[in-house]
Amino acid sequence: MEQQLSSNEVICMEIWEVLGLLFVFLMLALALIGPVSFLFSMIFSRRKHRKMIANVMDRVAITVNEYGRDPLTNKKNPSKNEQISEAKMIQANFVVGPGWWNQWIASWHTLFGGNISSFDDVLMLARQDVLQSLRDQASEGGFDEVVNVRLESARISYLSAKSNKYIDVFAYGTAIKYA
C-alpha cells in the first residue's frame, strides 16, 4: 500500500529541501570567498596602488607648477630672509593597507629573507599622498612655503595575528606666509 502524504507534509518537505539547498549554497560561497579574494588581490591590488600613485604624482606636478618649486622643505628656517606675516602648523595623515597578496609575499620574505619590496608601492602612495595634502593645505591657505616638514609612520593592526596590517603616515610642518 502506498501511503499518501498530506499537503502540510509535502509543504514541510519542500521547505526543508529549500533550506538544505540554501545551506549548501551558503557553505560553498563561504568556502570560495577566501581563495577568490586572494586571487582578486593578487591581480588587482598592485595595479590599483600604482594608479593611485600616478594620480597623486599628477597632483604634485600641478602644485609644483603653481608654486614654481616644491613648497615643502625639511629645513628648519625659511628659505627667504623676508618678514613673516603668518605662520601655522599644518598636518595630514594617510592610512593605507597592503592587499592580501602583498602580505603573503612579505610573509615568505620574512621566512626566507631578502628585501621585502611588496610594500614599496603602498609606502610610496602613503608618503606622496600625505605630502600632497600638506601642499594642498598650504595652497588653500595662501601660504608661500612649508618648513620643517617631518614624516612619522606607524603600523596599525588588530589584536589578531592574522588580521590585515595598515600603515599610517603622518606629516606635519610649519606653513609660512611672507608679508
# chains A, B, ... in the order shown; residues from 1 in each chain; ligands from 1
call {"tool": "residues_around", "arguments": {"residues": "Gly142 of chain A", "least_positions_apart": "4", "cutoff": "12 Å", "atoms": "only C-alpha atoms", "output": "list in words"}}
result
Glu66, Tyr67, Pro71, Ser85, Glu86, Ala87, Lys88, Arg135, Asp136, Gln137, Ala138, Val146, Ala175, Ile176, Lys177, Tyr178 and Ala179 of chain A
call {"tool": "residues_around", "arguments": {"residues": "segment 92-94 of chain A", "least_positions_apart": "6", "cutoff": "10 Å", "atoms": "only C-alpha atoms", "output": "PyMOL selection string"}}
result
chain A and resi 125-134+137+151-153+167-173
call {"tool": "write_last_selection", "arguments": {"atoms": "N, CA and C atoms", "output": "PDB file, in the first residue's frame"}}
result
ATOM      1  N   LEU A 125      52.803  55.387  -1.976  1.00  0.00           N
ATOM      2  CA  LEU A 125      51.483  56.009  -2.071  1.00  0.00           C
ATOM      3  C   LEU A 125      51.167  56.801  -0.806  1.00  0.00           C
ATOM      4  N   ALA A 126      51.393  56.204   0.352  1.00  0.00           N
ATOM      5  CA  ALA A 126      51.079  56.886   1.612  1.00  0.00           C
ATOM      6  C   ALA A 126      51.927  58.142   1.784  1.00  0.00           C
ATOM      7  N   ARG A 127      53.233  58.038   1.519  1.00  0.00           N
ATOM      8  CA  ARG A 127      54.117  59.203   1.697  1.00  0.00           C
ATOM      9  C   ARG A 127      53.751  60.327   0.744  1.00  0.00           C
ATOM     10  N   GLN A 128      53.589  59.991  -0.533  1.00  0.00           N
ATOM     11  CA  GLN A 128      53.305  61.034  -1.521  1.00  0.00           C
ATOM     12  C   GLN A 128      51.943  61.675  -1.284  1.00  0.00           C
ATOM     13  N   ASP A 129      50.951  60.888  -0.895  1.00  0.00           N
ATOM     14  CA  ASP A 129      49.622  61.458  -0.669  1.00  0.00           C
ATOM     15  C   ASP A 129      49.605  62.375   0.536  1.00  0.00           C
ATOM     16  N   VAL A 130      50.288  61.989   1.611  1.00  0.00           N
ATOM     17  CA  VAL A 130      50.284  62.839   2.805  1.00  0.00           C
ATOM     18  C   VAL A 130      51.061  64.133   2.543  1.00  0.00           C
ATOM     19  N   LEU A 131      52.150  64.059   1.788  1.00  0.00           N
ATOM     20  CA  LEU A 131      52.891  65.279   1.452  1.00  0.00           C
ATOM     21  C   LEU A 131      52.070  66.180   0.532  1.00  0.00           C
ATOM     22  N   GLN A 132      51.334  65.578  -0.392  1.00  0.00           N
ATOM     23  CA  GLN A 132      50.480  66.374  -1.268  1.00  0.00           C
ATOM     24  C   GLN A 132      49.356  67.036  -0.474  1.00  0.00           C
ATOM     25  N   SER A 133      48.885  66.383   0.553  1.00  0.00           N
ATOM     26  CA  SER A 133      47.868  67.002   1.411  1.00  0.00           C
ATOM     27  C   SER A 133      48.421  68.254   2.089  1.00  0.00           C
ATOM     28  N   LEU A 134      49.692  68.210   2.504  1.00  0.00           N
ATOM     29  CA  LEU A 134      50.321  69.412   3.070  1.00  0.00           C
ATOM     30  C   LEU A 134      50.411  70.519   2.023  1.00  0.00           C
ATOM     31  N   GLN A 137      46.982  72.046   1.569  1.00  0.00           N
ATOM     32  CA  GLN A 137      46.621  72.930   2.682  1.00  0.00           C
ATOM     33  C   GLN A 137      47.360  74.260   2.585  1.00  0.00           C
ATOM     34  N   LEU A 151      57.929  63.516   8.687  1.00  0.00           N
ATOM     35  CA  LEU A 151      57.061  62.362   8.447  1.00  0.00           C
ATOM     36  C   LEU A 151      57.213  61.375   9.596  1.00  0.00           C
ATOM     37  N   GLU A 152      56.110  60.838  10.024  1.00  0.00           N
ATOM     38  CA  GLU A 152      56.096  59.776  11.027  1.00  0.00           C
ATOM     39  C   GLU A 152      55.252  58.649  10.446  1.00  0.00           C
ATOM     40  N   SER A 153      55.603  57.425  10.785  1.00  0.00           N
ATOM     41  CA  SER A 153      54.792  56.305  10.330  1.00  0.00           C
ATOM     42  C   SER A 153      54.574  55.335  11.475  1.00  0.00           C
ATOM     43  N   ILE A 167      49.106  50.834   7.498  1.00  0.00           N
ATOM     44  CA  ILE A 167      50.217  51.740   7.729  1.00  0.00           C
ATOM     45  C   ILE A 167      49.653  53.153   7.778  1.00  0.00           C
ATOM     46  N   ASP A 168      49.973  53.871   8.837  1.00  0.00           N
ATOM     47  CA  ASP A 168      49.554  55.258   8.985  1.00  0.00           C
ATOM     48  C   ASP A 168      50.790  56.132   8.812  1.00  0.00           C
ATOM     49  N   VAL A 169      50.724  57.045   7.855  1.00  0.00           N
ATOM     50  CA  VAL A 169      51.809  58.004   7.657  1.00  0.00           C
ATOM     51  C   VAL A 169      51.266  59.376   8.037  1.00  0.00           C
ATOM     52  N   PHE A 170      51.964  60.046   8.939  1.00  0.00           N
ATOM     53  CA  PHE A 170      51.557  61.343   9.471  1.00  0.00           C
ATOM     54  C   PHE A 170      52.640  62.353   9.107  1.00  0.00           C
ATOM     55  N   ALA A 171      52.245  63.480   8.536  1.00  0.00           N
ATOM     56  CA  ALA A 171      53.195  64.531   8.167  1.00  0.00           C
ATOM     57  C   ALA A 171      52.746  65.841   8.796  1.00  0.00           C
ATOM     58  N   TYR A 172      53.720  66.653   9.149  1.00  0.00           N
ATOM     59  CA  TYR A 172      53.413  67.960   9.705  1.00  0.00           C
ATOM     60  C   TYR A 172      54.535  68.923   9.360  1.00  0.00           C
ATOM     61  N   GLY A 173      54.227  70.189   9.409  1.00  0.00           N
ATOM     62  CA  GLY A 173      55.197  71.228   9.132  1.00  0.00           C
ATOM     63  C   GLY A 173      54.630  72.591   9.476  1.00  0.00           C
TER      64      GLY A 173
END
call {"tool": "residues_around", "arguments": {"residues": "Leu39 of chain A", "least_positions_apart": "5", "cutoff": "12 Å", "atoms": "only C-alpha atoms", "output": "PyMOL selection string"}}
result
chain A and resi 32-34+44-45+99-102+104
call {"tool": "select_by_dssp", "arguments": {"residues": "chain A", "states": "alpha helix (DSSP H)", "output": "VMD selection string"}}
result
chain A and resid 7 to 67 100 to 112 120 to 140
call {"tool": "write_last_selection", "arguments": {"atoms": "C-alpha atoms", "output": "mmCIF file, in the first residue's frame"}}
result
data_model
loop_
_atom_site.group_PDB
_atom_site.id
_atom_site.type_symbol
_atom_site.label_atom_id
_atom_site.label_comp_id
_atom_site.auth_asym_id
_atom_site.auth_seq_id
_atom_site.Cartn_x
_atom_site.Cartn_y
_atom_site.Cartn_z
ATOM 1 C CA SER A 7 -0.420 18.743 1.790
ATOM 2 C CA ASN A 8 1.139 20.016 5.037
ATOM 3 C CA GLU A 9 3.754 17.244 4.954
ATOM 4 C CA VAL A 10 4.574 18.000 1.306
ATOM 5 C CA ILE A 11 4.999 21.718 2.060
ATOM 6 C CA CYS A 12 7.181 20.903 5.076
ATOM 7 C CA MET A 13 9.407 18.622 2.946
ATOM 8 C CA GLU A 14 9.730 21.311 0.250
ATOM 9 C CA ILE A 15 10.717 23.894 2.847
ATOM 10 C CA TRP A 16 13.409 21.562 4.233
ATOM 11 C CA GLU A 17 14.704 20.911 0.695
ATOM 12 C CA VAL A 18 14.931 24.645 0.017
ATOM 13 C CA LEU A 19 16.645 25.262 3.371
ATOM 14 C CA GLY A 20 19.078 22.445 2.645
ATOM 15 C CA LEU A 21 19.925 23.896 -0.757
ATOM 16 C CA LEU A 22 20.377 27.369 0.765
ATOM 17 C CA PHE A 23 22.694 25.912 3.415
ATOM 18 C CA VAL A 24 24.786 24.111 0.788
ATOM 19 C CA PHE A 25 24.973 27.284 -1.332
ATOM 20 C CA LEU A 26 25.999 29.350 1.694
ATOM 21 C CA MET A 27 28.740 26.884 2.650
ATOM 22 C CA LEU A 28 30.082 26.854 -0.924
ATOM 23 C CA ALA A 29 30.074 30.654 -1.014
ATOM 24 C CA LEU A 30 31.921 30.855 2.311
ATOM 25 C CA ALA A 31 34.458 28.290 1.133
ATOM 26 C CA LEU A 32 35.144 30.263 -2.056
ATOM 27 C CA ILE A 33 35.323 33.785 -0.583
ATOM 28 C CA GLY A 34 38.877 33.414 0.738
ATOM 29 C CA PRO A 35 40.510 31.992 -2.410
ATOM 30 C CA VAL A 36 38.599 34.320 -4.736
ATOM 31 C CA SER A 37 39.517 37.358 -2.616
ATOM 32 C CA PHE A 38 43.152 36.279 -2.567
ATOM 33 C CA LEU A 39 43.213 35.919 -6.372
ATOM 34 C CA PHE A 40 41.466 39.267 -6.778
ATOM 35 C CA SER A 41 44.077 40.876 -4.522
ATOM 36 C CA MET A 42 46.897 39.191 -6.449
ATOM 37 C CA ILE A 43 45.631 40.528 -9.761
ATOM 38 C CA PHE A 44 44.354 43.992 -8.900
ATOM 39 C CA SER A 45 45.881 45.404 -5.675
ATOM 40 C CA ARG A 46 49.261 46.433 -7.076
ATOM 41 C CA ARG A 47 47.599 47.853 -10.191
ATOM 42 C CA LYS A 48 45.226 49.900 -8.018
ATOM 43 C CA HIS A 49 48.074 51.256 -5.883
ATOM 44 C CA ARG A 50 50.052 52.251 -8.986
ATOM 45 C CA LYS A 51 47.049 54.112 -10.427
ATOM 46 C CA MET A 52 46.618 55.935 -7.130
ATOM 47 C CA ILE A 53 50.344 56.842 -7.139
ATOM 48 C CA ALA A 54 50.055 58.185 -10.695
ATOM 49 C CA ASN A 55 47.066 60.304 -9.631
ATOM 50 C CA VAL A 56 48.969 61.745 -6.657
ATOM 51 C CA MET A 57 52.051 62.451 -8.787
ATOM 52 C CA ASP A 58 49.871 64.359 -11.278
ATOM 53 C CA ARG A 59 48.541 66.468 -8.383
ATOM 54 C CA VAL A 60 52.128 67.041 -7.185
ATOM 55 C CA ALA A 61 53.162 68.258 -10.659
ATOM 56 C CA ILE A 62 50.242 70.717 -10.751
ATOM 57 C CA THR A 63 51.143 72.121 -7.323
ATOM 58 C CA VAL A 64 54.844 72.417 -8.149
ATOM 59 C CA ASN A 65 53.970 74.270 -11.376
ATOM 60 C CA GLU A 66 51.667 76.566 -9.395
ATOM 61 C CA TYR A 67 54.444 77.489 -6.942
ATOM 62 C CA TRP A 100 46.437 40.084 0.882
ATOM 63 C CA TRP A 101 48.848 39.216 -1.921
ATOM 64 C CA ASN A 102 51.374 41.793 -0.708
ATOM 65 C CA GLN A 103 51.096 40.460 2.825
ATOM 66 C CA TRP A 104 51.524 36.872 1.630
ATOM 67 C CA ILE A 105 54.664 37.774 -0.364
ATOM 68 C CA ALA A 106 56.032 39.662 2.657
ATOM 69 C CA SER A 107 55.463 36.649 4.901
ATOM 70 C CA TRP A 108 57.524 34.495 2.530
ATOM 71 C CA HIS A 109 60.299 37.093 2.587
ATOM 72 C CA THR A 110 60.323 37.062 6.378
ATOM 73 C CA LEU A 111 60.758 33.283 6.325
ATOM 74 C CA PHE A 112 63.474 33.116 3.681
ATOM 75 C CA ASP A 120 57.122 49.679 -1.718
ATOM 76 C CA ASP A 121 54.101 50.821 -3.722
ATOM 77 C CA VAL A 122 51.948 51.051 -0.605
ATOM 78 C CA LEU A 123 54.524 53.105 1.306
ATOM 79 C CA MET A 124 55.208 55.385 -1.663
ATOM 80 C CA LEU A 125 51.483 56.009 -2.071
ATOM 81 C CA ALA A 126 51.079 56.886 1.612
ATOM 82 C CA ARG A 127 54.117 59.203 1.697
ATOM 83 C CA GLN A 128 53.305 61.034 -1.521
ATOM 84 C CA ASP A 129 49.622 61.458 -0.669
ATOM 85 C CA VAL A 130 50.284 62.839 2.805
ATOM 86 C CA LEU A 131 52.891 65.279 1.452
ATOM 87 C CA GLN A 132 50.480 66.374 -1.268
ATOM 88 C CA SER A 133 47.868 67.002 1.411
ATOM 89 C CA LEU A 134 50.321 69.412 3.070
ATOM 90 C CA ARG A 135 50.879 71.146 -0.287
ATOM 91 C CA ASP A 136 47.107 71.436 -0.790
ATOM 92 C CA GLN A 137 46.621 72.930 2.682
ATOM 93 C CA ALA A 138 49.404 75.448 2.085
ATOM 94 C CA SER A 139 47.928 76.429 -1.275
ATOM 95 C CA GLU A 140 44.389 76.775 0.114
#
call {"tool": "select_by_dssp", "arguments": {"residues": "segment 54-140 of chain A", "states": "strand (DSSP E)", "output": "PyMOL selection string"}}
result
chain A and resi 84-96
call {"tool": "write_last_selection", "arguments": {"atoms": "C-alpha atoms", "output": "PDB file, in the first residue's frame"}}
result
ATOM      1  CA  ILE A  84      56.804  86.624   8.014  1.00  0.00           C
ATOM      2  CA  SER A  85      53.194  87.747   8.313  1.00  0.00           C
ATOM      3  CA  GLU A  86      51.670  84.432   9.356  1.00  0.00           C
ATOM      4  CA  ALA A  87      52.846  81.000  10.451  1.00  0.00           C
ATOM      5  CA  LYS A  88      50.685  78.000  11.140  1.00  0.00           C
ATOM      6  CA  MET A  89      51.273  74.333  11.866  1.00  0.00           C
ATOM      7  CA  ILE A  90      49.620  72.093   9.293  1.00  0.00           C
ATOM      8  CA  GLN A  91      49.282  68.342   9.414  1.00  0.00           C
ATOM      9  CA  ALA A  92      47.895  65.455   7.426  1.00  0.00           C
ATOM     10  CA  ASN A  93      47.748  61.709   7.674  1.00  0.00           C
ATOM     11  CA  PHE A  94      47.041  58.820   5.331  1.00  0.00           C
ATOM     12  CA  VAL A  95      46.181  55.257   6.290  1.00  0.00           C
ATOM     13  CA  VAL A  96      46.696  52.559   3.696  1.00  0.00           C
TER      14      VAL A  96
END
call {"tool": "atom_distance", "arguments": {"atom1": "atom CA of Lys76 of chain A", "atom2": "atom CA of Ala154 of chain A"}}
result
23.7 Å
call {"tool": "closest_residue", "arguments": {"among": "A:Asn148, A:Ser118, A:Gly68, A:Phe143", "to": "Gly97 of chain A", "atoms": "only C-alpha atoms"}}
result
A:Ser118
